[in-house]
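Chemist: protein_6.pdb is reproduced below (PDB, N, CA and C atoms).
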```
ATOM      1  N   GLN A   1       0.833  -1.193   0.000
ATOM      2  CA  GLN A   1       0.000   0.000   0.000
ATOM      3  C   GLN A   1       0.875   1.253   0.000
ATOM      4  N   ARG A   2       1.971   1.233   0.719
ATOM      5  CA  ARG A   2       2.863   2.391   0.767
ATOM      6  C   ARG A   2       3.425   2.705  -0.617
ATOM      7  N   LYS A   3       3.744   1.669  -1.413
ATOM      8  CA  LYS A   3       4.279   1.883  -2.758
ATOM      9  C   LYS A   3       3.253   2.546  -3.658
ATOM     10  N   ILE A   4       1.990   2.167  -3.498
ATOM     11  CA  ILE A   4       0.934   2.788  -4.303
ATOM     12  C   ILE A   4       0.822   4.264  -3.965
ATOM     13  N   LYS A   5       0.800   4.595  -2.688
ATOM     14  CA  LYS A   5       0.709   6.000  -2.288
ATOM     15  C   LYS A   5       1.913   6.778  -2.795
ATOM     16  N   LYS A   6       3.100   6.182  -2.694
ATOM     17  CA  LYS A   6       4.306   6.870  -3.137
ATOM     18  C   LYS A   6       4.257   7.154  -4.638
ATOM     19  N   TYR A   7       3.616   6.277  -5.405
ATOM     20  CA  TYR A   7       3.473   6.477  -6.845
ATOM     21  C   TYR A   7       2.756   7.792  -7.144
ATOM     22  N   PHE A   8       1.807   8.180  -6.321
ATOM     23  CA  PHE A   8       1.013   9.383  -6.558
ATOM     24  C   PHE A   8       1.650  10.665  -6.019
ATOM     25  N   TRP A   9       2.717  10.562  -5.239
ATOM     26  CA  TRP A   9       3.351  11.757  -4.684
ATOM     27  C   TRP A   9       3.742  12.712  -5.795
ATOM     28  N   ASN A  10       3.391  13.966  -5.620
ATOM     29  CA  ASN A  10       3.760  15.065  -6.508
ATOM     30  C   ASN A  10       3.265  14.899  -7.941
ATOM     31  N   ARG A  11       2.306  14.030  -8.180
ATOM     32  CA  ARG A  11       1.685  13.899  -9.495
ATOM     33  C   ARG A  11       0.402  14.720  -9.514
ATOM     34  N   HIS A  12       0.158  15.365 -10.636
ATOM     35  CA  HIS A  12      -1.054  16.152 -10.817
ATOM     36  C   HIS A  12      -2.256  15.215 -10.842
ATOM     37  N   LEU A  13      -3.256  15.491 -10.009
ATOM     38  CA  LEU A  13      -4.455  14.667  -9.939
ATOM     39  C   LEU A  13      -5.689  15.532 -10.120
ATOM     40  N   GLU A  14      -6.707  14.976 -10.752
ATOM     41  CA  GLU A  14      -8.015  15.619 -10.857
ATOM     42  C   GLU A  14      -9.030  14.686 -10.237
ATOM     43  N   ILE A  15      -9.847  15.205  -9.343
ATOM     44  CA  ILE A  15     -10.816  14.392  -8.620
ATOM     45  C   ILE A  15     -12.177  15.077  -8.654
ATOM     46  N   LEU A  16     -13.192  14.323  -9.031
ATOM     47  CA  LEU A  16     -14.565  14.787  -8.890
ATOM     48  C   LEU A  16     -15.031  14.280  -7.532
ATOM     49  N   ALA A  17     -15.400  15.188  -6.643
ATOM     50  CA  ALA A  17     -15.682  14.778  -5.265
ATOM     51  C   ALA A  17     -16.750  15.651  -4.634
ATOM     52  N   GLU A  18     -17.324  15.096  -3.562
ATOM     53  CA  GLU A  18     -18.267  15.833  -2.733
ATOM     54  C   GLU A  18     -17.518  16.335  -1.500
ATOM     55  N   ILE A  19     -17.731  17.584  -1.145
ATOM     56  CA  ILE A  19     -17.123  18.133   0.066
ATOM     57  C   ILE A  19     -17.963  17.700   1.259
ATOM     58  N   LEU A  20     -17.329  16.985   2.184
ATOM     59  CA  LEU A  20     -18.029  16.515   3.380
ATOM     60  C   LEU A  20     -17.884  17.481   4.547
ATOM     61  N   LYS A  21     -16.687  18.019   4.733
ATOM     62  CA  LYS A  21     -16.424  18.947   5.839
ATOM     63  C   LYS A  21     -15.483  20.046   5.374
ATOM     64  N   VAL A  22     -15.682  21.229   5.926
ATOM     65  CA  VAL A  22     -14.826  22.381   5.642
ATOM     66  C   VAL A  22     -14.409  22.992   6.973
ATOM     67  N   LYS A  23     -13.113  23.207   7.149
ATOM     68  CA  LYS A  23     -12.596  23.892   8.334
ATOM     69  C   LYS A  23     -11.719  25.042   7.852
ATOM     70  N   ILE A  24     -12.072  26.256   8.241
ATOM     71  CA  ILE A  24     -11.322  27.448   7.854
ATOM     72  C   ILE A  24     -10.536  27.944   9.065
ATOM     73  N   ILE A  25      -9.251  28.236   8.838
ATOM     74  CA  ILE A  25      -8.409  28.791   9.899
ATOM     75  C   ILE A  25      -7.682  30.019   9.360
ATOM     76  N   LYS A  26      -7.040  30.760  10.251
ATOM     77  CA  LYS A  26      -6.200  31.894   9.877
ATOM     78  C   LYS A  26      -4.743  31.448   9.914
ATOM     79  N   THR A  27      -3.949  31.882   8.926
ATOM     80  CA  THR A  27      -2.524  31.571   8.939
ATOM     81  C   THR A  27      -1.859  32.311  10.097
ATOM     82  N   ARG A  28      -0.763  31.762  10.578
ATOM     83  CA  ARG A  28      -0.100  32.345  11.754
ATOM     84  C   ARG A  28       0.476  33.731  11.488
ATOM     85  N   GLU A  29       1.205  33.856  10.389
ATOM     86  CA  GLU A  29       1.927  35.104  10.149
ATOM     87  C   GLU A  29       1.067  36.221   9.554
ATOM     88  N   LYS A  30       0.389  35.936   8.463
ATOM     89  CA  LYS A  30      -0.359  36.978   7.759
ATOM     90  C   LYS A  30      -1.829  37.036   8.134
ATOM     91  N   LYS A  31      -2.285  36.080   8.960
ATOM     92  CA  LYS A  31      -3.693  36.034   9.388
ATOM     93  C   LYS A  31      -4.654  35.961   8.210
ATOM     94  N   GLU A  32      -4.260  35.207   7.171
ATOM     95  CA  GLU A  32      -5.113  35.002   6.004
ATOM     96  C   GLU A  32      -5.889  33.702   6.174
ATOM     97  N   ASP A  33      -7.070  33.635   5.551
ATOM     98  CA  ASP A  33      -7.861  32.415   5.614
ATOM     99  C   ASP A  33      -7.248  31.319   4.751
ATOM    100  N   MET A  34      -7.303  30.090   5.259
ATOM    101  CA  MET A  34      -6.955  28.902   4.501
ATOM    102  C   MET A  34      -7.893  27.801   4.958
ATOM    103  N   GLY A  35      -7.945  26.705   4.227
ATOM    104  CA  GLY A  35      -8.923  25.691   4.575
ATOM    105  C   GLY A  35      -8.390  24.277   4.596
ATOM    106  N   PHE A  36      -9.119  23.438   5.323
ATOM    107  CA  PHE A  36      -8.892  21.996   5.352
ATOM    108  C   PHE A  36     -10.217  21.338   5.008
ATOM    109  N   LEU A  37     -10.181  20.380   4.084
ATOM    110  CA  LEU A  37     -11.390  19.737   3.613
ATOM    111  C   LEU A  37     -11.346  18.240   3.848
ATOM    112  N   GLU A  38     -12.516  17.674   4.014
ATOM    113  CA  GLU A  38     -12.702  16.231   3.923
ATOM    114  C   GLU A  38     -13.604  16.026   2.721
ATOM    115  N   ILE A  39     -13.145  15.204   1.768
ATOM    116  CA  ILE A  39     -13.901  15.002   0.537
ATOM    117  C   ILE A  39     -14.151  13.514   0.301
ATOM    118  N   LEU A  40     -15.144  13.239  -0.514
ATOM    119  CA  LEU A  40     -15.512  11.876  -0.867
ATOM    120  C   LEU A  40     -15.586  11.767  -2.378
ATOM    121  N   ASP A  41     -14.802  10.832  -2.950
ATOM    122  CA  ASP A  41     -14.968  10.531  -4.363
ATOM    123  C   ASP A  41     -15.585   9.141  -4.471
ATOM    124  N   ASN A  42     -15.566   8.548  -5.639
ATOM    125  CA  ASN A  42     -16.228   7.255  -5.808
ATOM    126  C   ASN A  42     -15.473   6.085  -5.193
ATOM    127  N   SER A  43     -14.285   6.336  -4.625
ATOM    128  CA  SER A  43     -13.510   5.222  -4.087
ATOM    129  C   SER A  43     -13.084   5.385  -2.631
ATOM    130  N   ALA A  44     -13.043   6.615  -2.124
ATOM    131  CA  ALA A  44     -12.503   6.805  -0.773
ATOM    132  C   ALA A  44     -12.862   8.178  -0.217
ATOM    133  N   ILE A  45     -12.655   8.306   1.083
ATOM    134  CA  ILE A  45     -12.744   9.602   1.750
ATOM    135  C   ILE A  45     -11.321  10.105   1.962
ATOM    136  N   LEU A  46     -11.064  11.331   1.548
ATOM    137  CA  LEU A  46      -9.774  11.984   1.810
ATOM    138  C   LEU A  46     -10.021  13.032   2.880
ATOM    139  N   ASN A  47      -9.370  12.885   4.024
ATOM    140  CA  ASN A  47      -9.644  13.811   5.125
ATOM    141  C   ASN A  47      -8.499  14.760   5.418
ATOM    142  N   ASN A  48      -7.522  14.800   4.563
ATOM    143  CA  ASN A  48      -6.394  15.688   4.792
ATOM    144  C   ASN A  48      -6.102  16.519   3.535
ATOM    145  N   CYS A  49      -7.101  17.268   3.098
ATOM    146  CA  CYS A  49      -6.981  18.127   1.923
ATOM    147  C   CYS A  49      -6.721  19.558   2.385
ATOM    148  N   VAL A  50      -5.718  20.185   1.792
ATOM    149  CA  VAL A  50      -5.285  21.509   2.227
ATOM    150  C   VAL A  50      -5.515  22.533   1.119
ATOM    151  N   VAL A  51      -6.162  23.640   1.479
ATOM    152  CA  VAL A  51      -6.356  24.770   0.567
ATOM    153  C   VAL A  51      -5.575  25.941   1.155
ATOM    154  N   PHE A  52      -4.399  26.208   0.600
ATOM    155  CA  PHE A  52      -3.592  27.316   1.112
ATOM    156  C   PHE A  52      -4.244  28.657   0.797
ATOM    157  N   SER A  53      -3.835  29.684   1.509
ATOM    158  CA  SER A  53      -4.493  30.992   1.427
ATOM    159  C   SER A  53      -4.506  31.559   0.011
ATOM    160  N   SER A  54      -3.463  31.357  -0.768
ATOM    161  CA  SER A  54      -3.416  31.895  -2.135
ATOM    162  C   SER A  54      -4.501  31.272  -3.014
ATOM    163  N   VAL A  55      -4.830  30.016  -2.783
ATOM    164  CA  VAL A  55      -5.888  29.334  -3.532
ATOM    165  C   VAL A  55      -7.248  29.608  -2.900
ATOM    166  N   TYR A  56      -7.287  29.670  -1.580
ATOM    167  CA  TYR A  56      -8.550  29.851  -0.861
ATOM    168  C   TYR A  56      -9.314  31.075  -1.356
ATOM    169  N   GLU A  57      -8.629  32.174  -1.530
ATOM    170  CA  GLU A  57      -9.292  33.405  -1.965
ATOM    171  C   GLU A  57      -9.995  33.232  -3.309
ATOM    172  N   LYS A  58      -9.452  32.378  -4.178
ATOM    173  CA  LYS A  58     -10.035  32.166  -5.504
ATOM    174  C   LYS A  58     -11.214  31.200  -5.486
ATOM    175  N   VAL A  59     -11.244  30.287  -4.506
ATOM    176  CA  VAL A  59     -12.228  29.190  -4.546
ATOM    177  C   VAL A  59     -13.220  29.191  -3.388
ATOM    178  N   LYS A  60     -13.151  30.160  -2.500
ATOM    179  CA  LYS A  60     -13.961  30.127  -1.284
ATOM    180  C   LYS A  60     -15.460  30.059  -1.561
ATOM    181  N   GLY A  61     -15.897  30.524  -2.707
ATOM    182  CA  GLY A  61     -17.315  30.512  -3.039
ATOM    183  C   GLY A  61     -17.905  29.123  -3.246
ATOM    184  N   VAL A  62     -17.064  28.134  -3.518
ATOM    185  CA  VAL A  62     -17.562  26.767  -3.733
ATOM    186  C   VAL A  62     -17.244  25.839  -2.566
ATOM    187  N   LEU A  63     -16.659  26.373  -1.504
ATOM    188  CA  LEU A  63     -16.260  25.546  -0.359
ATOM    189  C   LEU A  63     -17.383  25.457   0.667
ATOM    190  N   PHE A  64     -18.321  24.555   0.421
ATOM    191  CA  PHE A  64     -19.376  24.308   1.399
ATOM    192  C   PHE A  64     -19.755  22.830   1.360
ATOM    193  N   GLU A  65     -20.231  22.341   2.477
ATOM    194  CA  GLU A  65     -20.553  20.924   2.630
ATOM    195  C   GLU A  65     -21.631  20.487   1.647
ATOM    196  N   ASN A  66     -21.485  19.265   1.171
ATOM    197  CA  ASN A  66     -22.387  18.609   0.211
ATOM    198  C   ASN A  66     -22.270  19.154  -1.203
ATOM    199  N   ASN A  67     -21.325  20.042  -1.459
ATOM    200  CA  ASN A  67     -21.122  20.555  -2.801
ATOM    201  C   ASN A  67     -20.251  19.572  -3.588
ATOM    202  N   VAL A  68     -20.611  19.306  -4.846
ATOM    203  CA  VAL A  68     -19.824  18.439  -5.722
ATOM    204  C   VAL A  68     -18.956  19.335  -6.603
ATOM    205  N   VAL A  69     -17.647  19.071  -6.565
ATOM    206  CA  VAL A  69     -16.677  19.937  -7.231
ATOM    207  C   VAL A  69     -15.622  19.116  -7.967
ATOM    208  N   MET A  70     -14.946  19.766  -8.921
ATOM    209  CA  MET A  70     -13.784  19.187  -9.587
ATOM    210  C   MET A  70     -12.555  19.814  -8.933
ATOM    211  N   ILE A  71     -11.704  18.961  -8.381
ATOM    212  CA  ILE A  71     -10.537  19.418  -7.631
ATOM    213  C   ILE A  71      -9.272  18.988  -8.359
ATOM    214  N   THR A  72      -8.331  19.911  -8.493
ATOM    215  CA  THR A  72      -7.012  19.563  -9.015
ATOM    216  C   THR A  72      -5.979  19.830  -7.930
ATOM    217  N   GLY A  73      -4.966  18.997  -7.900
ATOM    218  CA  GLY A  73      -3.909  19.161  -6.914
ATOM    219  C   GLY A  73      -2.936  18.003  -6.961
ATOM    220  N   TYR A  74      -2.214  17.805  -5.855
ATOM    221  CA  TYR A  74      -1.246  16.724  -5.787
ATOM    222  C   TYR A  74      -1.138  16.200  -4.360
ATOM    223  N   LEU A  75      -0.685  14.973  -4.231
ATOM    224  CA  LEU A  75      -0.453  14.335  -2.942
ATOM    225  C   LEU A  75       0.995  14.589  -2.551
ATOM    226  N   ASP A  76       1.215  15.223  -1.386
ATOM    227  CA  ASP A  76       2.593  15.473  -0.972
ATOM    228  C   ASP A  76       3.145  14.274  -0.200
ATOM    229  N   ASP A  77       4.405  14.362   0.190
ATOM    230  CA  ASP A  77       5.061  13.229   0.855
ATOM    231  C   ASP A  77       4.559  12.994   2.274
ATOM    232  N   LYS A  78       3.739  13.892   2.801
ATOM    233  CA  LYS A  78       3.122  13.696   4.121
ATOM    234  C   LYS A  78       1.700  13.163   3.976
ATOM    235  N   GLU A  79       1.342  12.777   2.738
ATOM    236  CA  GLU A  79       0.036  12.222   2.405
ATOM    237  C   GLU A  79      -1.112  13.213   2.577
ATOM    238  N   SER A  80      -0.807  14.494   2.419
ATOM    239  CA  SER A  80      -1.841  15.518   2.353
ATOM    240  C   SER A  80      -2.119  15.809   0.885
ATOM    241  N   PHE A  81      -3.387  16.036   0.557
ATOM    242  CA  PHE A  81      -3.745  16.409  -0.806
ATOM    243  C   PHE A  81      -3.732  17.927  -0.865
ATOM    244  N   ILE A  82      -2.765  18.474  -1.590
ATOM    245  CA  ILE A  82      -2.593  19.925  -1.708
ATOM    246  C   ILE A  82      -3.423  20.388  -2.905
ATOM    247  N   ILE A  83      -4.419  21.204  -2.629
ATOM    248  CA  ILE A  83      -5.354  21.631  -3.666
ATOM    249  C   ILE A  83      -4.829  22.845  -4.401
ATOM    250  N   GLY A  84      -4.824  22.733  -5.733
ATOM    251  CA  GLY A  84      -4.390  23.834  -6.578
ATOM    252  C   GLY A  84      -5.548  24.635  -7.142
ATOM    253  N   ASN A  85      -6.693  23.967  -7.331
ATOM    254  CA  ASN A  85      -7.872  24.648  -7.835
ATOM    255  C   ASN A  85      -9.113  23.799  -7.544
ATOM    256  N   ILE A  86     -10.241  24.473  -7.415
ATOM    257  CA  ILE A  86     -11.528  23.814  -7.229
ATOM    258  C   ILE A  86     -12.534  24.561  -8.096
ATOM    259  N   GLN A  87     -13.323  23.784  -8.857
ATOM    260  CA  GLN A  87     -14.368  24.383  -9.686
ATOM    261  C   GLN A  87     -15.682  23.667  -9.426
ATOM    262  N   GLN A  88     -16.753  24.394  -9.584
ATOM    263  CA  GLN A  88     -18.070  23.794  -9.464
ATOM    264  C   GLN A  88     -18.235  22.734 -10.537
ATOM    265  N   ALA A  89     -18.733  21.565 -10.162
ATOM    266  CA  ALA A  89     -18.926  20.478 -11.146
ATOM    267  C   ALA A  89     -20.225  20.657 -11.901
TER     268      ALA A  89
END
```
Mind turning this structure into C-alpha cells?
Modeler:
Amino acid sequence: QRKIKKYFWNRHLEILAEILKVKIIKTREKKEDMGFLEILDNSAILNNCVVFSSVYEKVKGVLFENNVVMITGYLDDKESFIIGNIQQA
C-alpha cells in the first residue's frame, strides 16, 4: 500500500468529489484564511486536503458541505492532498 501512495506523490491529480467537511483557519503570520477539507470521491474519503491561502481566496465561493466539485492538486510526501484549484462540477 505504501508503494501505491508513493506512486502518486507530486503527481497532478483531478478528482470529482463531494465536500463533506470544511474547516477554515487563519494563517499564523499573515492572518489570512486557509482551509482543510474532507472530501468523498467514488472510491474513498480523503480527510487531509489543504487549501492554502493563495488558492482559498479564488475558490472560497464553492467551499461548502455537500457541494460536488472538480478538484485539481497533488499528494505530498506527508500524504496531504494539496489543492491547486476547485471548480463547481
Chemist: Of the residues A:Asn66, A:Glu57, A:Ala44, A:Ile82, which is the one nearest to Leu20 of chain A, using only N, CA and C atoms?
Modeler: A:Asn66
Chemist: Nearest to Asn48 of chain A among A:Lys21, A:Arg11, A:Ser80, A:Val69, with distances taken over all atoms listed in the file: which residue is it?
Modeler: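 With all atoms listed in the file as the atom set, the closest residue is A:Ser80.
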Chemist: Run through the PyMOL selection byres ((chain A and resi 13) around 6) on the given coordinates and return the selected residues as a list of chain:residue names.
Modeler: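 For this structure, the PyMOL selection byres ((chain A and resi 13) around 6) resolves to A:Arg11, A:His12, A:Glu14, A:Ile15, A:Ile71, A:Thr72, A:Gly73, A:Tyr74.
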Chemist: May I have the selected residues written with N, CA and C atoms, as a JSON list (two decimals), keeping the file's coordinate frame?
Modeler:
```json
[["chain", "number", "residue", "atom", "x", "y", "z"],
["A", 11, "ARG", "N", 2.31, 14.03, -8.18],
["A", 11, "ARG", "CA", 1.68, 13.90, -9.49],
["A", 11, "ARG", "C", 0.40, 14.72, -9.51],
["A", 12, "HIS", "N", 0.16, 15.36, -10.64],
["A", 12, "HIS", "CA", -1.05, 16.15, -10.82],
["A", 12, "HIS", "C", -2.26, 15.22, -10.84],
["A", 14, "GLU", "N", -6.71, 14.98, -10.75],
["A", 14, "GLU", "CA", -8.02, 15.62, -10.86],
["A", 14, "GLU", "C", -9.03, 14.69, -10.24],
["A", 15, "ILE", "N", -9.85, 15.20, -9.34],
["A", 15, "ILE", "CA", -10.82, 14.39, -8.62],
["A", 15, "ILE", "C", -12.18, 15.08, -8.65],
["A", 71, "ILE", "N", -11.70, 18.96, -8.38],
["A", 71, "ILE", "CA", -10.54, 19.42, -7.63],
["A", 71, "ILE", "C", -9.27, 18.99, -8.36],
["A", 72, "THR", "N", -8.33, 19.91, -8.49],
["A", 72, "THR", "CA", -7.01, 19.56, -9.02],
["A", 72, "THR", "C", -5.98, 19.83, -7.93],
["A", 73, "GLY", "N", -4.97, 19.00, -7.90],
["A", 73, "GLY", "CA", -3.91, 19.16, -6.91],
["A", 73, "GLY", "C", -2.94, 18.00, -6.96],
["A", 74, "TYR", "N", -2.21, 17.80, -5.86],
["A", 74, "TYR", "CA", -1.25, 16.72, -5.79],
["A", 74, "TYR", "C", -1.14, 16.20, -4.36]]
```
Chemist: When DSSP is applied to the backbone of this structure, which of segment 4-89 of chain A are assigned strand (DSSP E or B)? Write them out as a PyMOL selection string.
Modeler: chain A and resi 9+12-26+33-40+45-51+68-75+81-88
Chemist: Print the selection's residues with N, CA and C atoms to a file, as a compact mmCIF listing (two decimals), in the coordinates of the input.
Modeler:
```txt
# COMPACT_ATOMS: atom_id res chain seq x y z
N TRP A 9 2.72 10.56 -5.24
CA TRP A 9 3.35 11.76 -4.68
C TRP A 9 3.74 12.71 -5.80
N HIS A 12 0.16 15.36 -10.64
CA HIS A 12 -1.05 16.15 -10.82
C HIS A 12 -2.26 15.22 -10.84
N LEU A 13 -3.26 15.49 -10.01
CA LEU A 13 -4.46 14.67 -9.94
C LEU A 13 -5.69 15.53 -10.12
N GLU A 14 -6.71 14.98 -10.75
CA GLU A 14 -8.02 15.62 -10.86
C GLU A 14 -9.03 14.69 -10.24
N ILE A 15 -9.85 15.20 -9.34
CA ILE A 15 -10.82 14.39 -8.62
C ILE A 15 -12.18 15.08 -8.65
N LEU A 16 -13.19 14.32 -9.03
CA LEU A 16 -14.56 14.79 -8.89
C LEU A 16 -15.03 14.28 -7.53
N ALA A 17 -15.40 15.19 -6.64
CA ALA A 17 -15.68 14.78 -5.26
C ALA A 17 -16.75 15.65 -4.63
N GLU A 18 -17.32 15.10 -3.56
CA GLU A 18 -18.27 15.83 -2.73
C GLU A 18 -17.52 16.34 -1.50
N ILE A 19 -17.73 17.58 -1.14
CA ILE A 19 -17.12 18.13 0.07
C ILE A 19 -17.96 17.70 1.26
N LEU A 20 -17.33 16.98 2.18
CA LEU A 20 -18.03 16.52 3.38
C LEU A 20 -17.88 17.48 4.55
N LYS A 21 -16.69 18.02 4.73
CA LYS A 21 -16.42 18.95 5.84
C LYS A 21 -15.48 20.05 5.37
N VAL A 22 -15.68 21.23 5.93
CA VAL A 22 -14.83 22.38 5.64
C VAL A 22 -14.41 22.99 6.97
N LYS A 23 -13.11 23.21 7.15
CA LYS A 23 -12.60 23.89 8.33
C LYS A 23 -11.72 25.04 7.85
N ILE A 24 -12.07 26.26 8.24
CA ILE A 24 -11.32 27.45 7.85
C ILE A 24 -10.54 27.94 9.06
N ILE A 25 -9.25 28.24 8.84
CA ILE A 25 -8.41 28.79 9.90
C ILE A 25 -7.68 30.02 9.36
N LYS A 26 -7.04 30.76 10.25
CA LYS A 26 -6.20 31.89 9.88
C LYS A 26 -4.74 31.45 9.91
N ASP A 33 -7.07 33.64 5.55
CA ASP A 33 -7.86 32.42 5.61
C ASP A 33 -7.25 31.32 4.75
N MET A 34 -7.30 30.09 5.26
CA MET A 34 -6.96 28.90 4.50
C MET A 34 -7.89 27.80 4.96
N GLY A 35 -7.94 26.70 4.23
CA GLY A 35 -8.92 25.69 4.58
C GLY A 35 -8.39 24.28 4.60
N PHE A 36 -9.12 23.44 5.32
CA PHE A 36 -8.89 22.00 5.35
C PHE A 36 -10.22 21.34 5.01
N LEU A 37 -10.18 20.38 4.08
CA LEU A 37 -11.39 19.74 3.61
C LEU A 37 -11.35 18.24 3.85
N GLU A 38 -12.52 17.67 4.01
CA GLU A 38 -12.70 16.23 3.92
C GLU A 38 -13.60 16.03 2.72
N ILE A 39 -13.14 15.20 1.77
CA ILE A 39 -13.90 15.00 0.54
C ILE A 39 -14.15 13.51 0.30
N LEU A 40 -15.14 13.24 -0.51
CA LEU A 40 -15.51 11.88 -0.87
C LEU A 40 -15.59 11.77 -2.38
N ILE A 45 -12.66 8.31 1.08
CA ILE A 45 -12.74 9.60 1.75
C ILE A 45 -11.32 10.10 1.96
N LEU A 46 -11.06 11.33 1.55
CA LEU A 46 -9.77 11.98 1.81
C LEU A 46 -10.02 13.03 2.88
N ASN A 47 -9.37 12.88 4.02
CA ASN A 47 -9.64 13.81 5.12
C ASN A 47 -8.50 14.76 5.42
N ASN A 48 -7.52 14.80 4.56
CA ASN A 48 -6.39 15.69 4.79
C ASN A 48 -6.10 16.52 3.54
N CYS A 49 -7.10 17.27 3.10
CA CYS A 49 -6.98 18.13 1.92
C CYS A 49 -6.72 19.56 2.38
N VAL A 50 -5.72 20.18 1.79
CA VAL A 50 -5.28 21.51 2.23
C VAL A 50 -5.52 22.53 1.12
N VAL A 51 -6.16 23.64 1.48
CA VAL A 51 -6.36 24.77 0.57
C VAL A 51 -5.58 25.94 1.16
N VAL A 68 -20.61 19.31 -4.85
CA VAL A 68 -19.82 18.44 -5.72
C VAL A 68 -18.96 19.34 -6.60
N VAL A 69 -17.65 19.07 -6.56
CA VAL A 69 -16.68 19.94 -7.23
C VAL A 69 -15.62 19.12 -7.97
N MET A 70 -14.95 19.77 -8.92
CA MET A 70 -13.78 19.19 -9.59
C MET A 70 -12.56 19.81 -8.93
N ILE A 71 -11.70 18.96 -8.38
CA ILE A 71 -10.54 19.42 -7.63
C ILE A 71 -9.27 18.99 -8.36
N THR A 72 -8.33 19.91 -8.49
CA THR A 72 -7.01 19.56 -9.02
C THR A 72 -5.98 19.83 -7.93
N GLY A 73 -4.97 19.00 -7.90
CA GLY A 73 -3.91 19.16 -6.91
C GLY A 73 -2.94 18.00 -6.96
N TYR A 74 -2.21 17.80 -5.86
CA TYR A 74 -1.25 16.72 -5.79
C TYR A 74 -1.14 16.20 -4.36
N LEU A 75 -0.68 14.97 -4.23
CA LEU A 75 -0.45 14.34 -2.94
C LEU A 75 1.00 14.59 -2.55
N PHE A 81 -3.39 16.04 0.56
CA PHE A 81 -3.74 16.41 -0.81
C PHE A 81 -3.73 17.93 -0.86
N ILE A 82 -2.76 18.47 -1.59
CA ILE A 82 -2.59 19.92 -1.71
C ILE A 82 -3.42 20.39 -2.90
N ILE A 83 -4.42 21.20 -2.63
CA ILE A 83 -5.35 21.63 -3.67
C ILE A 83 -4.83 22.84 -4.40
N GLY A 84 -4.82 22.73 -5.73
CA GLY A 84 -4.39 23.83 -6.58
C GLY A 84 -5.55 24.64 -7.14
N ASN A 85 -6.69 23.97 -7.33
CA ASN A 85 -7.87 24.65 -7.84
C ASN A 85 -9.11 23.80 -7.54
N ILE A 86 -10.24 24.47 -7.42
CA ILE A 86 -11.53 23.81 -7.23
C ILE A 86 -12.53 24.56 -8.10
N GLN A 87 -13.32 23.78 -8.86
CA GLN A 87 -14.37 24.38 -9.69
C GLN A 87 -15.68 23.67 -9.43
N GLN A 88 -16.75 24.39 -9.58
CA GLN A 88 -18.07 23.79 -9.46
C GLN A 88 -18.24 22.73 -10.54
```
Chemist: For Glu29 of chain A, which residue out of A:Ala89, A:Ser53, A:Lys58, A:Leu46 is the nearest one, using only C-alpha atoms?
Modeler: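 Among the listed residues, the smallest separation from Glu29 of chain A belongs to A:Ser53.
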Chemist: Given the file shown, determine the residues that the PyMOL selection byres ((chain A and resi 39) around 8) selects; report them as a ChimeraX atom specification.
Modeler: /A:16-22,36-38,40-42,44-49
Chemist: Do you have the atom CA of Ile25 of chain A-atom CA of Ile86 of chain A distance handy?
Modeler: 18.1 Å
Chemist: So what do you get for atom CA of Val51 of chain A versus atom CA of Ile24 of chain A, distance-wise?
Modeler: 9.2 Å
Chemist: Kindly indicate which residue among A:Phe52, A:Met70, A:Lys30, A:Leu63 lies nearest to Asn85 of chain A, using only N, CA and C atoms for the distances.
Modeler: A:Met70
Chemist: In Å, how far is it from atom N of Lys23 of chain A to atom CA of Phe64 of chain A?
Modeler: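 Rounded to one decimal, the two atoms are 8.6 Å apart.
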